[in-house]
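Asks: Quick one: the structure is below, and I'll ask about it shortly.
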Amino acid sequence: MTLGKSSLDSITPQDHRAGFVAIIGAPNCGKSSLLNRLLGHKLAIVTSKPQTTRNRILGVVTEKTGQIIFYDTPGIHQSQKLLNRSMVAQAKSALADSDVCLWLVDGLKRGLDHQSALESVLSRGQKPLIVAINKSDLMESADIEAILEEVCEQIKPDGAAVISAKTGEGLSQLKKLLIDKLPVSPALYDEDELTDQSYRAISAEYIREAVFSLTRQEVPYSTAVTIDSFKEPTDEDRRPLYRIEATIHVERESQKKLIIGQGGRMVKSIGTKARQGLEEFLETKVFLTIFVRITHDWSEKEKLLEEFGYLDPDIK
Ligand SMILES: Nc1nc2c(ncn2[C@@H]2O[C@H](COP(=O)(O)OP(=O)(O)O)[C@@H](O)[C@H]2O)c(=O)[nH]1
Ligand SMILES: [Mg+2]
């Protein structure tokens with residue numbers, strides 16, 4: 001899934017638009033769900049826990065009138081830990097590289113200070129700002145009106161939409177609002193190229209997602225996943241098969257015990273869940289082997305964060 005430059009330039013109409021949109025917002029407001037829904041593929045992992053996404057993920061949406069290149073980002077939140085600071089820096093640098101900011105709001109959460117949250121990543125006047133109120137499938141129309149007014153009054157966006165990343169409601173309108181704010185440009189990527197993420201990187205994320213959904217408290221946040229070996233199907237395979245070996249890194253012995261579980265039951269469940277997700281994504285059988293290892297204090301060590309792909313270059 002590597003991206004090449006577009007070959008569409010010659011046939012692009014004069015008013016075609018293309019550019020980058022950073023999806024920014026609080027943890028759990030639905031940024032990764034929105035990206036997946038827009039792409040029609042599950043590239044970004046989604047969990048009910050905040051702070052799942054650790055790095056920026058690019059997804060390309062191509063429409064007749066324009067091409068939107070989205071960045072999914074980690075949520076904006078305050079914390080002193082290196083991993084968390086790097087996550088906020090990832091959101092900031094995605095925004096710096098974008099043409100438009102999409103501020104995504106969890107419609108179920110009223111009374112938030114959107115203005116100061118937004119100011120922590122963006123100084124006003126810098127970029128066009130579009131707001132989307134998400135999770136409309138769970139909201140009454142009176143509440144939708146109220147939160148729309150509340151958010152728009154605070155941050156005075158250049159456009160607003162009410163959407164559901166779950167049902168897809170409002171997404172056409174949102175795409176239209178975003179395309180209108182992008183610069184006139186031919187498509188930047190080929191239409192069939194969805195992302196800059198490799199299958200290898202996506203595989204690590206699916207394993208991390210399984211850990212997030214099956215373990216509790218601090219365990220998921222203390223977990224990193226690396227892919228030690230990634231073999232694509234070969235012509236010799238009787239039936240096509242990906243062979244993947246991965247390591248789940250935890251920070252302490254107690255966490256290792258929880259990840260392995262009684263008689264290895266937890267790591268087995270994690271493996272099964274991740275494998276099923278990957279088989280659906282890759283549309284091919286997967287043979288997945290998982291090791292569990294203690295890598296002391298990885299979340300505080302710059303070199304390890306870099307190795308795991310979670311470090312934002314700007315934080316160095
Ligand atoms: N009902 C509903 N749930 C949603 C919607 N969008 C996201 N969610 C849920 O909200 C939680 C957080 O979503 P996620 O995409 O990981 O949020 P992120 O942290 O902003 O990336 C998950 O449990 C999603 O299933 C939506 O439009 N409707
Ligand atoms: Mg996310």
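Residues are named by chain letter and number: chains run A, B, ... in the order of the structure tokens, numbers start at 1 in each chain, and ligands are numbered from 1 in the order shown.
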Could you name the residues that touch Val105 in chain A at 12 Å or less, counting only C-alpha atoms, but leaving out those on the same chain fewer than 4 positions away, as number ranges by chain?
Replies: A: 23-31, 34, 75-76, 109-114, 117-118, 130-136, 144, 147-148, 150-152, 155, 160-165
Asks: As JSON, numbers by chain, please: every residue in range 69-297 of chain A that a backbone DSSP assignment puts in strand (DSSP E).
Replies: {"A": [69, 70, 71, 72, 100, 101, 102, 103, 104, 105, 106, 129, 130, 131, 132, 133, 134, 159, 160, 161, 162, 224, 225, 226, 227, 228, 229, 230, 231, 241, 242, 243, 244, 245, 246, 247, 248, 249, 250, 285, 286, 287, 288, 289, 290, 291, 292, 293, 294]}
Asks: Would you pick out the contacts of Ile259 in chain A at 8 Å or less, using only C-alpha atoms, so that residues sharing its chain but fewer than 6 positions from it are not included, and give the list as an mmCIF file with N, CA and C atoms, in the first residue's frame?
Replies:
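Okay, part.cif is ready:
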data_model
loop_
_atom_site.group_PDB
_atom_site.id
_atom_site.type_symbol
_atom_site.label_atom_id
_atom_site.label_comp_id
_atom_site.auth_asym_id
_atom_site.auth_seq_id
_atom_site.Cartn_x
_atom_site.Cartn_y
_atom_site.Cartn_z
ATOM 1 N N VAL A 211 -5.431 -6.225 22.216
ATOM 2 C CA VAL A 211 -4.995 -6.030 23.605
ATOM 3 C C VAL A 211 -5.893 -4.984 24.277
ATOM 4 N N THR A 215 -7.952 -6.438 27.524
ATOM 5 C CA THR A 215 -7.319 -6.247 28.830
ATOM 6 C C THR A 215 -7.782 -4.933 29.443
ATOM 7 N N VAL A 219 -3.008 -1.909 31.614
ATOM 8 C CA VAL A 219 -2.325 -2.884 30.751
ATOM 9 C C VAL A 219 -2.257 -2.451 29.278
ATOM 10 N N MET A 266 -5.128 -15.734 27.872
ATOM 11 C CA MET A 266 -5.329 -14.367 27.381
ATOM 12 C C MET A 266 -4.578 -14.132 26.069
ATOM 13 N N VAL A 267 -3.314 -14.545 26.025
ATOM 14 C CA VAL A 267 -2.551 -14.282 24.796
ATOM 15 C C VAL A 267 -3.163 -15.062 23.631
ATOM 16 N N VAL A 292 5.491 -12.600 24.179
ATOM 17 C CA VAL A 292 5.277 -11.509 25.145
ATOM 18 C C VAL A 292 6.602 -11.252 25.850
#
Asks: Can you pull out every residue within 8 Å of Leu58 in chain A, counting only C-alpha atoms, but drop anything in the same chain fewer than 4 positions away, and send it as a VMD selection string?
Replies: chain A and resid 69 to 72 195 to 197
Asks: Rounded to one decimal, what separation in Å do you get between CA of Ala210 in chain A and CA of Gly271 in chain A?
Replies: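 It comes out at 7.8 Å.
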Asks: So which residues of range 65-292 of chain A fall under alpha helix (DSSP H) by DSSP, listed as a VMD selection string?
Replies: chain A and resid 82 to 96 114 to 119 141 to 155 171 to 181 199 to 214 253 to 260 265 to 282
Asks: Using only C-alpha atoms, which of the listed residues (A:Leu38, A:Leu258, A:Ile248, A:Ala274) sits closest to Val225 in chain A?
Replies: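 Of the candidates, the smallest distance to Val225 in chain A is held by A:Ile248.
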Asks: Which is closer to ligand 1 than all the others in A:Asp97, A:Glu119, A:Glu169, A:Glu149, using only C-alpha atoms and all ligand atoms?
Replies: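 Of all the options, A:Glu169 lies closest to ligand 1.
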Asks: Please write out the residues within 6 Å of ligand 2 as a ChimeraX atom specification, counting only C-alpha atoms and all ligand atoms.
Replies: /A:31-32,46,52-53,74
Asks: Let me make sure I understand: among A:His41, A:Arg17, A:Arg54, A:Lys81, which one has the smallest atom-to-atom distance to ligand 1 if we use only C-alpha atoms and all ligand atoms?
Replies: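 The shortest atom-to-atom distance to ligand 1 comes from A:Arg54.
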Asks: Hey, can you check how far CA of Leu108 in chain A sits from CA of Met139 in chain A?
Replies: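 Taking CA of Leu108 in chain A and CA of Met139 in chain A, their separation equals 7.1 Å.
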Asks: Check the smallest atom-to-atom distance from each of A:Ala246, A:Ala187, A:Ala224, A:Leu39 to Pro13 in chain A using only C-alpha atoms, then report the winner.
Replies: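 Of the candidates, the smallest distance to Pro13 in chain A is held by A:Ala187.
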Asks: Find, counting only C-alpha atoms, the residue in A:Phe20, A:Tyr189, A:Trp103, A:Phe291 that gets nearest to Ser229 in chain A.
Replies: A:Phe291
Asks: Near Asp15 in chain A, counting only C-alpha atoms, which residues have an atom at most 12 Å away, once you skip same-chain residues fewer than 3 positions from it, shown as a PyMOL selection string?
Replies: chain A and resi 11-12+18+64-67+179-180+182-187
Asks: So that I have them on file, write out the residues from the current selection with N, CA and C atoms, as a JSON list (two decimals), in the first residue's frame.
Replies:
[["chain", "number", "residue", "atom", "x", "y", "z"],
["A", 11, "ILE", "N", -6.04, 14.49, -16.79],
["A", 11, "ILE", "CA", -7.48, 14.49, -17.03],
["A", 11, "ILE", "C", -8.25, 15.28, -15.96],
["A", 12, "THR", "N", -7.52, 15.96, -15.07],
["A", 12, "THR", "CA", -8.21, 16.65, -13.99],
["A", 12, "THR", "C", -8.82, 17.96, -14.45],
["A", 18, "ALA", "N", -7.69, 19.42, -4.11],
["A", 18, "ALA", "CA", -7.04, 18.31, -3.39],
["A", 18, "ALA", "C", -6.18, 18.87, -2.27],
["A", 64, "LYS", "N", -15.34, 12.82, -7.16],
["A", 64, "LYS", "CA", -15.26, 13.44, -8.49],
["A", 64, "LYS", "C", -14.68, 14.85, -8.44],
["A", 65, "THR", "N", -15.15, 15.61, -7.41],
["A", 65, "THR", "CA", -14.78, 17.03, -7.37],
["A", 65, "THR", "C", -13.47, 17.30, -6.65],
["A", 66, "GLY", "N", -12.95, 16.30, -5.94],
["A", 66, "GLY", "CA", -11.71, 16.55, -5.22],
["A", 66, "GLY", "C", -11.20, 15.32, -4.49],
["A", 67, "GLN", "N", -9.99, 15.49, -3.99],
["A", 67, "GLN", "CA", -9.40, 14.39, -3.24],
["A", 67, "GLN", "C", -9.00, 14.90, -1.86],
["A", 179, "ILE", "N", -13.92, 19.65, 0.89],
["A", 179, "ILE", "CA", -13.36, 19.85, -0.46],
["A", 179, "ILE", "C", -13.38, 21.33, -0.85],
["A", 180, "ASP", "N", -14.49, 22.01, -0.47],
["A", 180, "ASP", "CA", -14.60, 23.45, -0.78],
["A", 180, "ASP", "C", -13.47, 24.27, -0.18],
["A", 182, "LEU", "N", -10.32, 23.16, 0.29],
["A", 182, "LEU", "CA", -9.00, 22.69, -0.16],
["A", 182, "LEU", "C", -8.52, 23.53, -1.33],
["A", 183, "PRO", "N", -7.22, 23.58, -1.53],
["A", 183, "PRO", "CA", -6.70, 24.34, -2.68],
["A", 183, "PRO", "C", -7.04, 23.67, -4.01],
["A", 184, "VAL", "N", -7.17, 24.48, -5.05],
["A", 184, "VAL", "CA", -7.37, 23.93, -6.39],
["A", 184, "VAL", "C", -6.10, 23.18, -6.76],
["A", 185, "SER", "N", -6.28, 21.92, -7.11],
["A", 185, "SER", "CA", -5.10, 21.08, -7.37],
["A", 185, "SER", "C", -5.57, 19.79, -8.01],
["A", 186, "PRO", "N", -4.75, 19.20, -8.87],
["A", 186, "PRO", "CA", -5.10, 17.86, -9.33],
["A", 186, "PRO", "C", -4.97, 16.86, -8.18],
["A", 187, "ALA", "N", -5.48, 15.65, -8.36],
["A", 187, "ALA", "CA", -5.36, 14.63, -7.32],
["A", 187, "ALA", "C", -3.89, 14.40, -7.01]]
Asks: Go ahead and compute the interatomic distance for CA of Asn55 in chain A and CA of Leu102 in chain A, in Å to one decimal.
Replies: 17.1 Å
Asks: So which one's closest to ligand 1, A:Ile270, A:Met87, A:Val250, A:Ile68? Using only C-alpha atoms and all ligand atoms, please.
Replies: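 Under the stated criterion, the closest residue is A:Met87.
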